[in-house]
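Heads up, the thing below is written out as structure tokens.
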Amino acid sequence: MQKVQTKKMALFGMLVALAFILSYVESLIPFHFGVPGVKLGLANIVVLIGLYTLGTKSAFALSIIRVLLAGFTFGNMYTMWYSLAGAMLSFICMALLKRCKGFSIVGVSVAGGVAHNVGQITVAMIILGKNIMYYFAVLLVAGVVTGTLIGIIGASILKQVRRAFKIIMSE
Amino acid sequence: MKKKDILLILVVLAVGVFIIMSFRAFKEDGGQVVVSVAGEDYATLPLNKDAQLEITGKYGTNILLIKDGTARMESAGCPDQICVYHKAIQYNGDTIICLPNQIIVQVVDGEDQTLDSVAQ
């Protein structure tokens with residue numbers, strides 16, 4: 001039993017590192033839709049994998065640690081609040097939707113992508129004190145598109161990862 | 001992908017598109033562009049109506065083009081053509097300036113730019 005715990009811990013650490021690196025990779029890609037705030041959400045692939053393999057609690061920790069790490073290294077305190085709000089809301093929606101029957105990882109990813117944008121825009125509305133509903137709608141659509149993409153990628157990765165995890169855990 | 005996934009995608013897309021469409025439909029009349037030549041008012045045009053305006057200055061005639069709620073300089077009679085390469089303007093305070101011809105095109109009474117570099 002203890003052996004399994006140790007293995008899980010190692011996997012968790014690996015996923016954190018992976019999420020961190022993907023945040024960095026994303027900051028390198030000049031991926032602009034012409035609207036600030038729209039991004040791919042590559043790191044969400046790792047959070048999704050964590051959610052489906054390690055469970056809700058570990059995946060939540062994974063998500064928060066990633067935001068803090070990436071925020072301190074590549075961003076600043078100001079942008080970190082946006083990310084944190086986005087990540088939290090995104091995670092809550094993903095975890096809830098995963099419990100609902102009938103949704104696959106793609107649906108969960110879409111919910112995450114959309115909720116991430118909604119969380120960010122809510123903080124932006126509070127900080128700027130302006131009504132930016134139009135921008136909100138644009139991000140809503142963008143969240144669906146990126147969420148679907150990430151979900152499809154995540155689904156194919158999850159298939160491979162699950163097999164590998166089974167082998168590791170049973171050893 | 002399951003049925004409910006597709007349903008979720010479609011519902012959120014519909015909501016987003018609906019908000020965007022309603023914004024387009026109920027958009028108030030946009031701002032105006034004030035054109036001045038050598039410090040004197042030359043013309044005032046609404047941004048929401050496509051138009052074309054010839055402005056004659058010291059070094060020739062510039063053509064201001066208003067299209068899709070934005071204004072830009074289509075051509076200029078001056079040699080440096082800086083104003084022609086200026087991006088289209090639409091928000092309050094945006095200006096296109098043609099120095100040789102002393103033409104200033106400025107947006108007034110429009111909507112303020114809602115986004116800034118912070119929201120990245």
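Note on naming: chains are A, B, ... as they come in the structure tokens, residues start from 1 per chain, ligands start from 1 in the order shown.
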Residues of chain B in strand (DSSP E or B) according to DSSP, as a ChimeraX atom specification? /B:32-37,40-46,51-57,60-67,70-75,89,95-98,103-108
Now that the selection is made, can you save its residues with C-alpha atoms as a PDB file, in the first residue's frame?
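Contents of result_12.pdb, freshly written:
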```pdb
ATOM      1  CA  GLN B  32     -17.899  60.848 -34.902  1.00  0.00           C
ATOM      2  CA  VAL B  33     -14.725  61.828 -36.579  1.00  0.00           C
ATOM      3  CA  VAL B  34     -13.759  65.443 -36.566  1.00  0.00           C
ATOM      4  CA  VAL B  35     -11.534  66.498 -39.404  1.00  0.00           C
ATOM      5  CA  SER B  36      -9.571  69.679 -39.053  1.00  0.00           C
ATOM      6  CA  VAL B  37      -7.186  71.323 -41.476  1.00  0.00           C
ATOM      7  CA  GLU B  40      -9.774  74.828 -38.353  1.00  0.00           C
ATOM      8  CA  ASP B  41     -12.719  72.474 -38.434  1.00  0.00           C
ATOM      9  CA  TYR B  42     -13.164  71.034 -41.861  1.00  0.00           C
ATOM     10  CA  ALA B  43     -15.849  68.388 -41.454  1.00  0.00           C
ATOM     11  CA  THR B  44     -17.564  66.137 -38.931  1.00  0.00           C
ATOM     12  CA  LEU B  45     -18.703  62.701 -39.993  1.00  0.00           C
ATOM     13  CA  PRO B  46     -20.494  59.880 -38.143  1.00  0.00           C
ATOM     14  CA  ALA B  51     -18.360  57.513 -46.364  1.00  0.00           C
ATOM     15  CA  GLN B  52     -15.518  58.964 -48.301  1.00  0.00           C
ATOM     16  CA  LEU B  53     -14.176  62.449 -47.811  1.00  0.00           C
ATOM     17  CA  GLU B  54     -11.709  64.431 -49.834  1.00  0.00           C
ATOM     18  CA  ILE B  55      -9.635  66.774 -47.745  1.00  0.00           C
ATOM     19  CA  THR B  56      -7.539  69.337 -49.496  1.00  0.00           C
ATOM     20  CA  GLY B  57      -4.494  70.623 -47.729  1.00  0.00           C
ATOM     21  CA  GLY B  60      -2.592  67.953 -52.169  1.00  0.00           C
ATOM     22  CA  THR B  61      -5.695  65.990 -51.472  1.00  0.00           C
ATOM     23  CA  ASN B  62      -6.123  63.255 -48.898  1.00  0.00           C
ATOM     24  CA  ILE B  63      -8.970  60.787 -49.028  1.00  0.00           C
ATOM     25  CA  LEU B  64     -10.495  59.698 -45.717  1.00  0.00           C
ATOM     26  CA  LEU B  65     -12.432  56.459 -45.826  1.00  0.00           C
ATOM     27  CA  ILE B  66     -15.033  55.495 -43.210  1.00  0.00           C
ATOM     28  CA  LYS B  67     -16.018  51.864 -43.266  1.00  0.00           C
ATOM     29  CA  THR B  70     -13.570  52.747 -38.438  1.00  0.00           C
ATOM     30  CA  ALA B  71     -11.836  55.552 -40.243  1.00  0.00           C
ATOM     31  CA  ARG B  72      -8.602  55.431 -42.142  1.00  0.00           C
ATOM     32  CA  MET B  73      -6.692  57.491 -44.617  1.00  0.00           C
ATOM     33  CA  GLU B  74      -7.045  55.927 -48.024  1.00  0.00           C
ATOM     34  CA  SER B  75      -4.544  58.111 -49.821  1.00  0.00           C
ATOM     35  CA  ILE B  89      -9.175  54.427 -35.821  1.00  0.00           C
ATOM     36  CA  THR B  95      -6.174  60.283 -34.112  1.00  0.00           C
ATOM     37  CA  ILE B  96      -4.640  60.166 -37.528  1.00  0.00           C
ATOM     38  CA  ILE B  97      -2.417  63.089 -38.260  1.00  0.00           C
ATOM     39  CA  CYS B  98      -1.030  64.157 -41.581  1.00  0.00           C
ATOM     40  CA  ILE B 103      -4.825  67.430 -41.276  1.00  0.00           C
ATOM     41  CA  ILE B 104      -5.992  65.994 -37.982  1.00  0.00           C
ATOM     42  CA  VAL B 105      -8.660  63.312 -37.871  1.00  0.00           C
ATOM     43  CA  GLN B 106      -9.918  62.545 -34.376  1.00  0.00           C
ATOM     44  CA  VAL B 107     -12.642  60.329 -32.962  1.00  0.00           C
ATOM     45  CA  VAL B 108     -14.990  61.983 -30.458  1.00  0.00           C
TER      46      VAL B 108
END
```
- Excluding region 101-108 of chain A and residues on its chain fewer than 6 positions from it, collect all residues at most 7 Å away from it, counting only C-alpha atoms, and give them as an NGL selection string. (:A and (94 or 148 or 151-152 or 155)) or (:B and (1-2 or 4-5 or 8))
Okay, now the selection with C-alpha atoms, as a PDB file, in the first residue's frame?
```pdb
ATOM      1  CA  MET A  94     -14.491  20.250 -14.518  1.00  0.00           C
ATOM      2  CA  THR A 148     -12.742  21.160 -27.554  1.00  0.00           C
ATOM      3  CA  GLY A 151     -10.287  17.813 -24.837  1.00  0.00           C
ATOM      4  CA  ILE A 152      -9.670  15.842 -28.028  1.00  0.00           C
ATOM      5  CA  ALA A 155      -8.696  12.028 -24.744  1.00  0.00           C
TER       6      ALA A 155
ATOM      7  CA  MET B   1     -17.109  12.469 -27.619  1.00  0.00           C
ATOM      8  CA  LYS B   2     -20.558  11.778 -26.317  1.00  0.00           C
ATOM      9  CA  LYS B   4     -23.945  15.496 -24.047  1.00  0.00           C
ATOM     10  CA  ASP B   5     -20.509  16.873 -24.950  1.00  0.00           C
ATOM     11  CA  LEU B   8     -22.749  21.409 -24.125  1.00  0.00           C
TER      12      LEU B   8
END
```
Sel. of helix (DSSP H, G or I) residues, chain A, as number ranges by chain: A: 2-28, 43-53, 56-74, 77-99, 105-128, 133-170
Write out as a PyMOL selection string which residues come within 10 Å of Tyr52 (chain A) when counting only C-alpha atoms, dropping same-chain ones fewer than 4 positions away. chain A and resi 46-48+56+59+95+98+105+158+162
#### Entry: Interatomic distance, CA of Val17 (chain B) to CA of Ala137 (chain A) (Å, one decimal)
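Between these atoms lies a distance of 7.1 Å.
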Only residues of chain A matter here; which ones have an atom within 10 Å of chain B, counting only C-alpha atoms? Give them as a PyMOL selection string.
chain A and resi 35-39+78-79+82+101-111+114+120-121+124+128+130-145+147-148+151-152+155
inquiry  = Need to verify the contact set: Ser27 (chain A), 10 Å, only C-alpha atoms, exclusion of same-chain residues closer than 5 positions in sequence. Can you return it as an MDAnalysis selection string?
reply    = chainID A and resid 21:22 39 70 74:75
Query raised in the report: So what do you get for CA of Lys49 (chain B) versus CA of Gly69 (chain B), distance-wise?
Result: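 For CA of Lys49 (chain B) relative to CA of Gly69 (chain B), the distance reads 7.2 Å.
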